[in-house]
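Next comes model-v9.cif, a file with mmCIF, C-alpha atoms.
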data_target
loop_
_atom_site.group_PDB
_atom_site.id
_atom_site.type_symbol
_atom_site.label_atom_id
_atom_site.label_comp_id
_atom_site.auth_asym_id
_atom_site.auth_seq_id
_atom_site.Cartn_x
_atom_site.Cartn_y
_atom_site.Cartn_z
ATOM 1 C CA MET A 1 147.830 28.245 184.690
ATOM 2 C CA GLU A 2 144.967 30.371 185.992
ATOM 3 C CA PHE A 3 142.768 32.363 183.649
ATOM 4 C CA LYS A 4 142.637 36.084 184.424
ATOM 5 C CA ASP A 5 139.593 38.155 183.527
ATOM 6 C CA TYR A 6 141.220 41.425 182.529
ATOM 7 C CA TYR A 7 137.861 43.103 181.970
ATOM 8 C CA ALA A 8 136.774 42.263 185.518
ATOM 9 C CA THR A 9 140.121 43.522 186.846
ATOM 10 C CA LEU A 10 139.410 46.940 185.332
ATOM 11 C CA GLY A 11 135.699 46.769 186.150
ATOM 12 C CA VAL A 12 134.537 47.242 182.560
ATOM 13 C CA PRO A 13 132.310 45.137 180.278
ATOM 14 C CA ARG A 14 133.782 43.253 177.319
ATOM 15 C CA THR A 15 132.067 45.803 175.065
ATOM 16 C CA ALA A 16 133.937 48.731 176.635
ATOM 17 C CA THR A 17 135.391 51.319 174.264
ATOM 18 C CA GLU A 18 139.026 52.331 174.129
ATOM 19 C CA ASP A 19 138.332 55.487 176.166
ATOM 20 C CA GLU A 20 136.273 53.638 178.783
ATOM 21 C CA ILE A 21 139.132 51.212 179.368
ATOM 22 C CA LYS A 22 141.621 54.068 179.653
ATOM 23 C CA ARG A 23 139.470 55.976 182.149
ATOM 24 C CA ALA A 24 138.866 52.869 184.269
ATOM 25 C CA TYR A 25 142.563 52.111 184.423
ATOM 26 C CA ARG A 26 143.561 55.648 185.379
ATOM 27 C CA LYS A 27 140.946 55.796 188.138
ATOM 28 C CA LEU A 28 141.943 52.462 189.685
ATOM 29 C CA ALA A 29 145.679 53.054 189.204
ATOM 30 C CA ARG A 30 145.409 56.240 191.284
ATOM 31 C CA LYS A 31 143.449 54.374 193.942
ATOM 32 C CA TYR A 32 145.879 51.454 194.282
ATOM 33 C CA HIS A 33 149.218 53.109 193.570
ATOM 34 C CA PRO A 34 151.557 51.745 196.270
ATOM 35 C CA ASP A 35 152.939 55.211 197.034
ATOM 36 C CA VAL A 36 149.554 56.606 198.046
ATOM 37 C CA SER A 37 147.187 53.723 198.784
ATOM 38 C CA LYS A 38 146.515 52.457 202.309
ATOM 39 C CA GLU A 39 145.067 49.182 201.047
ATOM 40 C CA PRO A 40 147.074 46.118 202.243
ATOM 41 C CA ASP A 41 147.010 44.539 198.784
ATOM 42 C CA ALA A 42 147.683 47.764 196.895
ATOM 43 C CA GLU A 43 150.887 46.594 195.217
ATOM 44 C CA VAL A 44 149.313 43.336 194.035
ATOM 45 C CA ARG A 45 146.223 45.143 192.758
ATOM 46 C CA PHE A 46 148.341 47.792 191.034
ATOM 47 C CA LYS A 47 150.382 45.165 189.168
ATOM 48 C CA ALA A 48 147.194 43.327 188.147
ATOM 49 C CA LEU A 49 145.750 46.576 186.804
ATOM 50 C CA GLY A 50 148.898 47.249 184.813
ATOM 51 C CA GLU A 51 148.805 43.795 183.273
ATOM 52 C CA ALA A 52 145.124 44.069 182.366
ATOM 53 C CA TYR A 53 145.578 47.515 180.832
ATOM 54 C CA LYS A 54 148.649 46.444 178.867
ATOM 55 C CA VAL A 55 146.490 43.805 177.161
ATOM 56 C CA LEU A 56 143.272 45.757 176.651
ATOM 57 C CA LYS A 57 144.668 49.152 175.652
ATOM 58 C CA THR A 58 145.761 48.069 172.159
ATOM 59 C CA ALA A 59 143.520 46.603 169.482
ATOM 60 C CA GLU A 60 145.932 43.792 168.662
ATOM 61 C CA SER A 61 146.526 42.393 172.137
ATOM 62 C CA ARG A 62 142.854 42.861 173.073
ATOM 63 C CA ALA A 63 141.695 40.971 169.984
ATOM 64 C CA ALA A 64 144.157 38.179 170.768
ATOM 65 C CA TYR A 65 142.848 37.957 174.345
ATOM 66 C CA ASP A 66 139.206 38.098 173.217
ATOM 67 C CA ARG A 67 139.801 35.145 170.921
ATOM 68 C CA MET A 68 140.008 32.965 174.025
ATOM 69 C CA GLY A 69 136.253 33.465 174.405
ATOM 70 C CA SER A 70 134.032 34.776 177.164
ATOM 71 C CA ASP A 71 133.236 31.445 178.843
ATOM 72 C CA TRP A 72 136.338 31.394 181.044
ATOM 73 C CA LYS A 73 136.134 32.555 184.643
ATOM 74 C CA ALA A 74 138.927 34.091 186.679
ATOM 75 C CA GLY A 75 140.912 31.417 188.520
ATOM 76 C CA GLN A 76 139.917 28.549 186.216
ATOM 77 C CA ASP A 77 142.668 26.259 184.985
ATOM 78 C CA PHE A 78 143.442 27.425 181.471
ATOM 79 C CA GLN A 79 145.618 26.433 178.535
ATOM 80 C CA PRO A 80 145.506 28.289 175.208
ATOM 81 C CA PRO A 81 144.399 25.972 172.384
ATOM 82 C CA PRO A 82 147.019 25.187 169.719
ATOM 83 C CA ASN A 83 147.362 27.862 167.040
ATOM 84 C CA TRP A 84 144.641 29.990 168.610
ATOM 85 C CA ASP A 85 146.213 33.051 166.966
ATOM 86 C CA ALA A 86 146.176 31.751 163.370
ATOM 87 C CA GLY A 87 144.633 34.147 160.863
ATOM 88 C CA PHE A 88 145.247 37.335 162.861
ATOM 89 C CA GLU A 89 147.444 40.014 161.321
ATOM 90 C CA PHE A 90 149.495 42.145 163.668
ATOM 91 C CA GLY A 91 151.473 45.292 162.987
ATOM 92 C CA GLY A 92 154.469 47.001 164.496
ATOM 93 C CA ALA A 93 156.379 45.150 167.179
ATOM 94 C CA GLY A 94 153.213 43.501 168.441
ATOM 95 C CA GLY A 95 151.783 40.121 167.622
ATOM 96 C CA ALA A 96 149.951 37.150 168.943
ATOM 97 C CA ASP A 97 153.249 35.423 169.605
ATOM 98 C CA GLY A 98 154.182 38.117 172.077
ATOM 99 C CA ALA A 99 156.418 40.414 170.068
ATOM 100 C CA GLY A 100 156.625 43.780 171.757
ATOM 101 C CA TYR A 101 154.046 43.275 174.517
ATOM 102 C CA ALA A 102 155.873 41.864 177.483
ATOM 103 C CA GLY A 103 159.485 41.138 176.733
ATOM 104 C CA ASN A 104 160.703 39.199 179.747
ATOM 105 C CA GLU A 105 159.054 41.274 182.461
ATOM 106 C CA LYS A 106 158.747 39.043 185.507
ATOM 107 C CA SER A 107 155.886 40.967 187.079
ATOM 108 C CA PHE A 108 153.349 39.554 184.620
ATOM 109 C CA SER A 109 151.375 36.381 185.147
ATOM 110 C CA ASP A 110 151.865 32.998 183.480
ATOM 111 C CA LEU A 111 148.712 33.664 181.450
ATOM 112 C CA PHE A 112 150.107 36.935 180.113
ATOM 113 C CA GLU A 113 153.465 35.407 179.232
ATOM 114 C CA SER A 114 151.851 32.378 177.571
ATOM 115 C CA LEU A 115 149.888 34.688 175.259
ATOM 116 C CA PHE A 116 152.160 37.693 174.830
ATOM 117 C CA GLY A 117 155.584 36.999 176.277
ATOM 118 C CA LYS A 118 157.326 34.568 173.936
ATOM 119 C CA GLY A 119 159.968 36.917 172.591
ATOM 120 C CA ALA A 120 160.516 38.953 169.483
ATOM 121 C CA GLY A 121 158.483 38.257 166.384
ATOM 122 C CA PRO A 122 159.404 38.779 162.746
ATOM 123 C CA SER A 123 158.348 42.394 162.586
ATOM 124 C CA GLN A 124 160.765 43.218 165.371
ATOM 125 C CA GLN A 125 163.558 41.300 163.718
ATOM 126 C CA HIS A 126 163.081 42.950 160.336
ATOM 127 C CA ARG A 127 162.235 46.491 161.433
ATOM 128 C CA ARG A 128 164.051 49.118 159.372
ATOM 129 C CA SER A 129 165.625 52.227 160.802
ATOM 130 C CA GLU A 130 163.991 54.664 158.397
ATOM 131 C CA SER A 131 161.301 56.575 160.255
ATOM 132 C CA SER A 132 159.336 57.096 157.033
ATOM 133 C CA ARG A 133 158.999 53.398 156.297
ATOM 134 C CA GLY A 134 155.750 51.675 157.205
ATOM 135 C CA GLU A 135 155.608 49.052 159.925
ATOM 136 C CA ASP A 136 156.073 45.393 159.139
ATOM 137 C CA HIS A 137 153.117 43.137 159.844
ATOM 138 C CA HIS A 138 153.044 39.454 160.679
ATOM 139 C CA ALA A 139 150.486 36.674 160.915
ATOM 140 C CA LYS A 140 150.322 32.937 161.481
ATOM 141 C CA VAL A 141 148.643 30.977 158.688
ATOM 142 C CA MET A 142 147.692 27.302 158.541
ATOM 143 C CA ILE A 143 148.264 25.311 155.359
ATOM 144 C CA ASP A 144 147.755 21.706 154.298
ATOM 145 C CA LEU A 145 150.710 19.319 154.447
ATOM 146 C CA GLU A 146 150.112 18.596 150.767
ATOM 147 C CA ASP A 147 150.947 22.234 149.980
ATOM 148 C CA ALA A 148 154.444 21.736 151.394
ATOM 149 C CA TYR A 149 154.995 18.692 149.162
ATOM 150 C CA LEU A 150 153.611 20.156 145.963
ATOM 151 C CA GLY A 151 153.650 23.935 146.356
ATOM 152 C CA ALA A 152 150.415 25.842 145.847
ATOM 153 C CA GLN A 153 148.658 29.118 145.159
ATOM 154 C CA ARG A 154 146.303 29.879 148.036
ATOM 155 C CA SER A 155 143.839 32.633 148.913
ATOM 156 C CA ILE A 156 144.396 33.574 152.560
ATOM 157 C CA SER A 157 142.086 35.740 154.666
ATOM 158 C CA LEU A 158 143.554 37.726 157.553
ATOM 159 C CA GLN A 159 141.893 39.738 160.313
ATOM 160 C CA MET A 160 143.583 42.966 161.352
ATOM 161 C CA PRO A 161 142.337 44.264 164.744
ATOM 162 C CA ALA A 162 141.736 48.015 165.045
ATOM 163 C CA PHE A 163 139.675 50.569 166.984
ATOM 164 C CA ASP A 164 137.058 52.427 164.970
ATOM 165 C CA SER A 165 136.305 56.139 165.339
ATOM 166 C CA ALA A 166 134.050 55.420 168.338
ATOM 167 C CA GLY A 167 136.730 53.398 170.122
ATOM 168 C CA ASN A 168 135.083 50.021 169.493
ATOM 169 C CA LEU A 169 137.225 47.008 168.640
ATOM 170 C CA VAL A 170 136.687 45.799 165.078
ATOM 171 C CA ASN A 171 138.418 43.302 162.808
ATOM 172 C CA GLN A 172 139.307 44.481 159.334
ATOM 173 C CA LEU A 173 139.369 41.606 156.855
ATOM 174 C CA ARG A 174 141.610 41.360 153.831
ATOM 175 C CA THR A 175 142.333 38.526 151.421
ATOM 176 C CA LEU A 176 145.676 37.856 149.742
ATOM 177 C CA ASN A 177 146.774 35.454 147.037
ATOM 178 C CA VAL A 178 149.902 33.737 148.326
ATOM 179 C CA SER A 179 152.393 31.407 146.657
ATOM 180 C CA ILE A 180 153.257 28.513 148.982
ATOM 181 C CA PRO A 181 156.689 27.237 147.914
ATOM 182 C CA LYS A 182 157.397 23.533 147.710
ATOM 183 C CA GLY A 183 159.375 22.387 150.733
ATOM 184 C CA VAL A 184 158.125 25.051 153.153
ATOM 185 C CA ARG A 185 158.426 23.969 156.796
ATOM 186 C CA ALA A 186 156.406 24.667 159.908
ATOM 187 C CA GLY A 187 157.740 27.792 161.590
ATOM 188 C CA GLN A 188 159.198 29.171 158.372
ATOM 189 C CA ARG A 189 158.202 32.745 157.502
ATOM 190 C CA LEU A 190 157.221 33.918 154.055
ATOM 191 C CA ARG A 191 157.862 37.574 153.239
ATOM 192 C CA LEU A 192 155.292 39.521 151.235
ATOM 193 C CA VAL A 193 157.036 42.705 150.187
ATOM 194 C CA GLY A 194 155.042 45.911 150.614
ATOM 195 C CA GLN A 195 152.044 44.265 152.291
ATOM 196 C CA GLY A 196 152.597 45.866 155.699
ATOM 197 C CA SER A 197 151.628 49.384 156.739
ATOM 198 C CA PRO A 198 152.091 52.196 154.188
ATOM 199 C CA GLY A 199 154.948 54.615 154.661
ATOM 200 C CA ALA A 200 154.591 58.021 156.285
ATOM 201 C CA SER A 201 153.864 59.623 152.937
ATOM 202 C CA GLY A 202 151.302 56.970 152.068
ATOM 203 C CA MET A 203 153.398 55.837 149.120
ATOM 204 C CA ALA A 204 153.545 52.097 148.397
ATOM 205 C CA ALA A 205 157.331 52.290 147.958
ATOM 206 C CA GLY A 206 157.696 53.018 151.683
ATOM 207 C CA ALA A 207 155.349 50.299 152.844
ATOM 208 C CA GLY A 208 156.398 47.668 155.358
ATOM 209 C CA ASP A 209 156.371 43.956 154.657
ATOM 210 C CA LEU A 210 154.059 41.170 155.789
ATOM 211 C CA TYR A 211 155.619 38.033 157.268
ATOM 212 C CA LEU A 212 153.521 34.870 157.267
ATOM 213 C CA GLU A 213 154.505 32.178 159.771
ATOM 214 C CA ILE A 214 153.645 28.730 158.418
ATOM 215 C CA VAL A 215 151.768 26.174 160.525
ATOM 216 C CA PHE A 216 150.472 22.835 159.245
ATOM 217 C CA LYS A 217 146.829 21.974 159.780
ATOM 218 C CA PRO A 218 146.256 18.756 161.743
ATOM 219 C CA HIS A 219 146.260 15.842 159.312
ATOM 220 C CA ALA A 220 144.221 12.656 159.640
ATOM 221 C CA GLY A 221 147.095 10.441 158.521
ATOM 222 C CA PHE A 222 150.406 12.210 159.057
ATOM 223 C CA ARG A 223 152.388 13.857 161.853
ATOM 224 C CA VAL A 224 155.205 16.303 161.181
ATOM 225 C CA ASP A 225 158.387 16.767 163.202
ATOM 226 C CA LYS A 226 160.496 19.506 161.584
ATOM 227 C CA ARG A 227 161.420 18.005 158.183
ATOM 228 C CA ASP A 228 160.360 14.438 159.028
ATOM 229 C CA VAL A 229 156.877 13.018 158.552
ATOM 230 C CA TYR A 230 155.323 10.069 160.417
ATOM 231 C CA LEU A 231 152.522 7.760 159.313
ATOM 232 C CA ASP A 232 150.791 5.050 161.344
ATOM 233 C CA LEU A 233 150.629 2.253 158.766
ATOM 234 C CA PRO A 234 148.176 -0.614 159.366
ATOM 235 C CA VAL A 235 149.392 -4.053 158.275
ATOM 236 C CA SER A 236 147.762 -7.454 158.600
ATOM 237 C CA PRO A 237 149.228 -10.136 160.890
ATOM 238 C CA TRP A 238 150.393 -12.165 157.889
ATOM 239 C CA GLU A 239 152.034 -9.148 156.243
ATOM 240 C CA ALA A 240 153.946 -8.400 159.439
ATOM 241 C CA THR A 241 154.892 -12.045 160.025
ATOM 242 C CA LEU A 242 155.676 -13.216 156.507
ATOM 243 C CA GLY A 243 156.779 -9.937 154.960
ATOM 244 C CA ALA A 244 155.047 -8.068 152.159
ATOM 245 C CA THR A 245 155.182 -5.128 149.790
ATOM 246 C CA VAL A 246 152.439 -2.635 150.606
ATOM 247 C CA THR A 247 151.267 0.653 149.130
ATOM 248 C CA VAL A 248 151.888 3.690 151.320
ATOM 249 C CA PRO A 249 149.796 6.833 150.643
ATOM 250 C CA MET A 250 151.837 10.016 150.467
ATOM 251 C CA PRO A 251 150.891 13.699 150.355
ATOM 252 C CA ASP A 252 152.217 13.782 146.786
ATOM 253 C CA GLY A 253 151.173 10.300 145.581
ATOM 254 C CA ALA A 254 151.938 6.764 146.715
ATOM 255 C CA VAL A 255 155.050 4.606 147.102
ATOM 256 C CA GLN A 256 155.739 0.908 147.589
ATOM 257 C CA LEU A 257 157.208 -0.171 150.912
ATOM 258 C CA SER A 258 158.771 -3.512 151.785
ATOM 259 C CA VAL A 259 157.673 -4.798 155.178
ATOM 260 C CA PRO A 260 160.359 -7.188 156.476
ATOM 261 C CA ALA A 261 159.288 -10.614 157.771
ATOM 262 C CA ALA A 262 158.909 -10.957 161.538
ATOM 263 C CA SER A 263 158.002 -7.286 161.968
ATOM 264 C CA THR A 264 156.246 -6.265 165.167
ATOM 265 C CA GLY A 265 153.797 -3.503 165.974
ATOM 266 C CA GLY A 266 155.504 -0.161 166.534
ATOM 267 C CA ARG A 267 158.434 -0.879 164.238
ATOM 268 C CA LYS A 268 159.504 2.199 162.274
ATOM 269 C CA LEU A 269 160.383 1.780 158.616
ATOM 270 C CA ARG A 270 162.270 4.680 157.076
ATOM 271 C CA LEU A 271 161.640 6.063 153.616
ATOM 272 C CA LYS A 272 164.700 8.247 153.079
ATOM 273 C CA GLY A 273 164.045 11.641 151.511
ATOM 274 C CA LYS A 274 160.256 11.201 151.503
ATOM 275 C CA GLY A 275 159.575 13.743 154.228
ATOM 276 C CA ILE A 276 159.217 17.495 153.631
ATOM 277 C CA PRO A 277 161.003 18.126 150.298
ATOM 278 C CA SER A 278 163.208 20.875 151.725
ATOM 279 C CA HIS A 279 166.981 21.260 151.388
ATOM 280 C CA PRO A 280 167.957 18.753 152.624
ATOM 281 C CA PRO A 281 164.702 16.753 152.455
ATOM 282 C CA GLY A 282 163.303 15.034 155.503
ATOM 283 C CA ASP A 283 162.440 11.373 155.855
ATOM 284 C CA LEU A 284 159.105 9.606 156.158
ATOM 285 C CA TYR A 285 158.703 6.988 158.887
ATOM 286 C CA ALA A 286 155.981 4.370 158.569
ATOM 287 C CA VAL A 287 155.112 3.117 162.067
ATOM 288 C CA LEU A 288 153.627 -0.355 161.784
ATOM 289 C CA ASN A 289 150.275 -0.989 163.415
ATOM 290 C CA ILE A 290 149.132 -4.606 163.255
ATOM 291 C CA ALA A 291 145.423 -4.625 162.436
ATOM 292 C CA LEU A 292 143.349 -7.698 163.266
ATOM 293 C CA PRO A 293 140.620 -8.718 160.828
ATOM 294 C CA PRO A 294 137.135 -8.759 162.390
ATOM 295 C CA ALA A 295 135.520 -12.059 163.294
ATOM 296 C CA ASP A 296 132.191 -10.988 161.842
ATOM 297 C CA THR A 297 131.289 -14.193 159.979
ATOM 298 C CA GLU A 298 131.188 -17.867 160.937
ATOM 299 C CA ALA A 299 134.060 -18.560 158.560
ATOM 300 C CA ALA A 300 136.167 -15.845 160.179
ATOM 301 C CA LYS A 301 135.402 -17.159 163.665
ATOM 302 C CA ALA A 302 136.364 -20.692 162.538
ATOM 303 C CA ALA A 303 139.677 -19.338 161.216
ATOM 304 C CA TYR A 304 140.439 -17.766 164.593
ATOM 305 C CA ARG A 305 139.616 -21.041 166.348
ATOM 306 C CA GLU A 306 142.027 -22.834 164.032
ATOM 307 C CA MET A 307 144.710 -20.296 164.880
ATOM 308 C CA GLU A 308 144.091 -20.871 168.581
ATOM 309 C CA VAL A 309 144.767 -24.550 168.106
ATOM 310 C CA ALA A 310 147.655 -24.144 165.655
ATOM 311 C CA PHE A 311 149.718 -21.714 167.747
ATOM 312 C CA ASP A 312 151.218 -22.397 171.140
ATOM 313 C CA PHE A 313 151.200 -18.673 171.887
ATOM 314 C CA ASP A 314 150.744 -16.713 175.096
ATOM 315 C CA PRO A 315 150.829 -12.935 174.442
ATOM 316 C CA ARG A 316 151.196 -12.295 178.207
ATOM 317 C CA ALA A 317 154.084 -14.648 178.845
ATOM 318 C CA HIS A 318 156.476 -11.731 179.472
ATOM 319 C CA LEU A 319 154.246 -10.521 182.328
ATOM 320 C CA LYS A 320 154.727 -13.701 184.331
ATOM 321 C CA GLY A 321 158.350 -12.990 185.194
#

Structure re-expressed in structure tokens:
Amino acid sequence: MEFKDYYATLGVPRTATEDEIKRAYRKLARKYHPDVSKEPDAEVRFKALGEAYKVLKTAESRAAYDRMGSDWKAGQDFQPPPNWDAGFEFGGAGGADGAGYAGNEKSFSDLFESLFGKGAGPSQQHRRSESSRGEDHHAKVMIDLEDAYLGAQRSISLQMPAFDSAGNLVNQLRTLNVSIPKGVRAGQRLRLVGQGSPGASGMAAGAGDLYLEIVFKPHAGFRVDKRDVYLDLPVSPWEATLGATVTVPMPDGAVQLSVPAASTGGRKLRLKGKGIPSHPPGDLYAVLNIALPPADTEAAKAAYREMEVAFDFDPRAHLKG
């Protein structure tokens, strides 16, 4: 998709205040309104202005957009990085996952919909009808895979975008101690009662809730697919050929795995119930990767030469038809 410079669309710098953005939009919207403008591209320009203003007029959507950085130029091919919105706290029906910004409005660009148009978030789903109750907040937080296996107490820092008294965008930081339950899955939401906005009277009893969406940090050894966990497990040629019992590292310890004789690279061995310990638990799949020992000594090179003589083996025979 193409990156859109919403600041350039409105003709304001990235440091523009809330009022400066509002004034710029109103001026240009009058100029390019299709009912009054004589410009041939008035309708296109007017829609672009509306999209830019919809993003930059609120602290939350503007902060989410700004997180993409200032190095992108309009028209460049762009893809948001994974979990770019982690650590941001959003209130009301808004959110980095798109809750409350766009819905399914077709007039917005692919960029807008990729950032803000993915449907309703938790605060929208859990909103209460009482007008005196504070808004629910939500945020995406990244945890270690080990936390899902063992459970944990973690200190989590969240940034809450807001405009200060001068109309400048600022990020308010707060830190919470959170209990990560054993068996939590990616995409699951944890509810922190009373940690949203205070009620109309300012009393804690009327406060909204905070919903934390769980995302796993990238792991050097494991991949997660819902409840199941995958591990690329190196084995030696003799372990794969002759069979062996090997030690498999796990997020919560280690287990012994039997490698059947005549195994080949890419074979998946299932450890039932060793995935995410949810209800029901997932499975762990060890994907065999045959690792060749280095020929870094004369003895090792001699061993490889002996293998060359001992085996009548052509690894490319299947390519010859």

(message) Considering all atoms listed in the file, can you say which of A:Gly87, A:Pro237, A:Gly282, A:Gly206 comes closest to Gly265 of chain A?
(response)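 Closest to Gly265 of chain A of all the choices is A:Pro237.
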
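Once the PyMOL selection byres ((chain A and resi 177) around 8) is applied to the shown structure, the selection contains A:Gln153, A:Arg154, A:Ser155, A:Ile156, A:Thr175, A:Leu176, A:Val178, A:Ser179.
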
(message) Excluding Gln256 of chain A and its own-chain neighbours fewer than 2 positions away, which residues fall within 8 Å of it when counting only C-alpha atoms? Please give them as a VMD selection string.
(response) chain A and resid 245 to 248 254 258

(message) Given the PyMOL selection byres ((chain A and resi 236) around 6) and the file above, list the residues it selects as a list in words.
(response)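 Checking the PyMOL selection byres ((chain A and resi 236) around 6) against this file, the residues are Val235, Pro237, Trp238, Glu239, Ile290 and Ala291 of chain A.
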
Which residues come within 9 Å of segment 141-144 of chain A, counting all atoms listed in the file, excluding same-chain residues fewer than 2 positions away, as a PDB file with C-alpha atoms, in the frame of the given file?
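Okay, part-v7.pdb is ready:
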ATOM      1  CA  ASN A  83     147.362  27.862 167.040  1.00  0.00           C
ATOM      2  CA  ASP A  85     146.213  33.051 166.966  1.00  0.00           C
ATOM      3  CA  ALA A  86     146.176  31.751 163.370  1.00  0.00           C
ATOM      4  CA  GLY A  87     144.633  34.147 160.863  1.00  0.00           C
ATOM      5  CA  PHE A  88     145.247  37.335 162.861  1.00  0.00           C
ATOM      6  CA  ALA A 139     150.486  36.674 160.915  1.00  0.00           C
ATOM      7  CA  GLU A 146     150.112  18.596 150.767  1.00  0.00           C
ATOM      8  CA  ASP A 147     150.947  22.234 149.980  1.00  0.00           C
ATOM      9  CA  ALA A 148     154.444  21.736 151.394  1.00  0.00           C
ATOM     10  CA  ARG A 154     146.303  29.879 148.036  1.00  0.00           C
ATOM     11  CA  ILE A 156     144.396  33.574 152.560  1.00  0.00           C
ATOM     12  CA  LEU A 158     143.554  37.726 157.553  1.00  0.00           C
ATOM     13  CA  ILE A 180     153.257  28.513 148.982  1.00  0.00           C
ATOM     14  CA  LEU A 212     153.521  34.870 157.267  1.00  0.00           C
ATOM     15  CA  GLU A 213     154.505  32.178 159.771  1.00  0.00           C
ATOM     16  CA  ILE A 214     153.645  28.730 158.418  1.00  0.00           C
ATOM     17  CA  VAL A 215     151.768  26.174 160.525  1.00  0.00           C
ATOM     18  CA  PHE A 216     150.472  22.835 159.245  1.00  0.00           C
ATOM     19  CA  LYS A 217     146.829  21.974 159.780  1.00  0.00           C
ATOM     20  CA  PRO A 218     146.256  18.756 161.743  1.00  0.00           C
ATOM     21  CA  HIS A 219     146.260  15.842 159.312  1.00  0.00           C
TER      22      HIS A 219
END
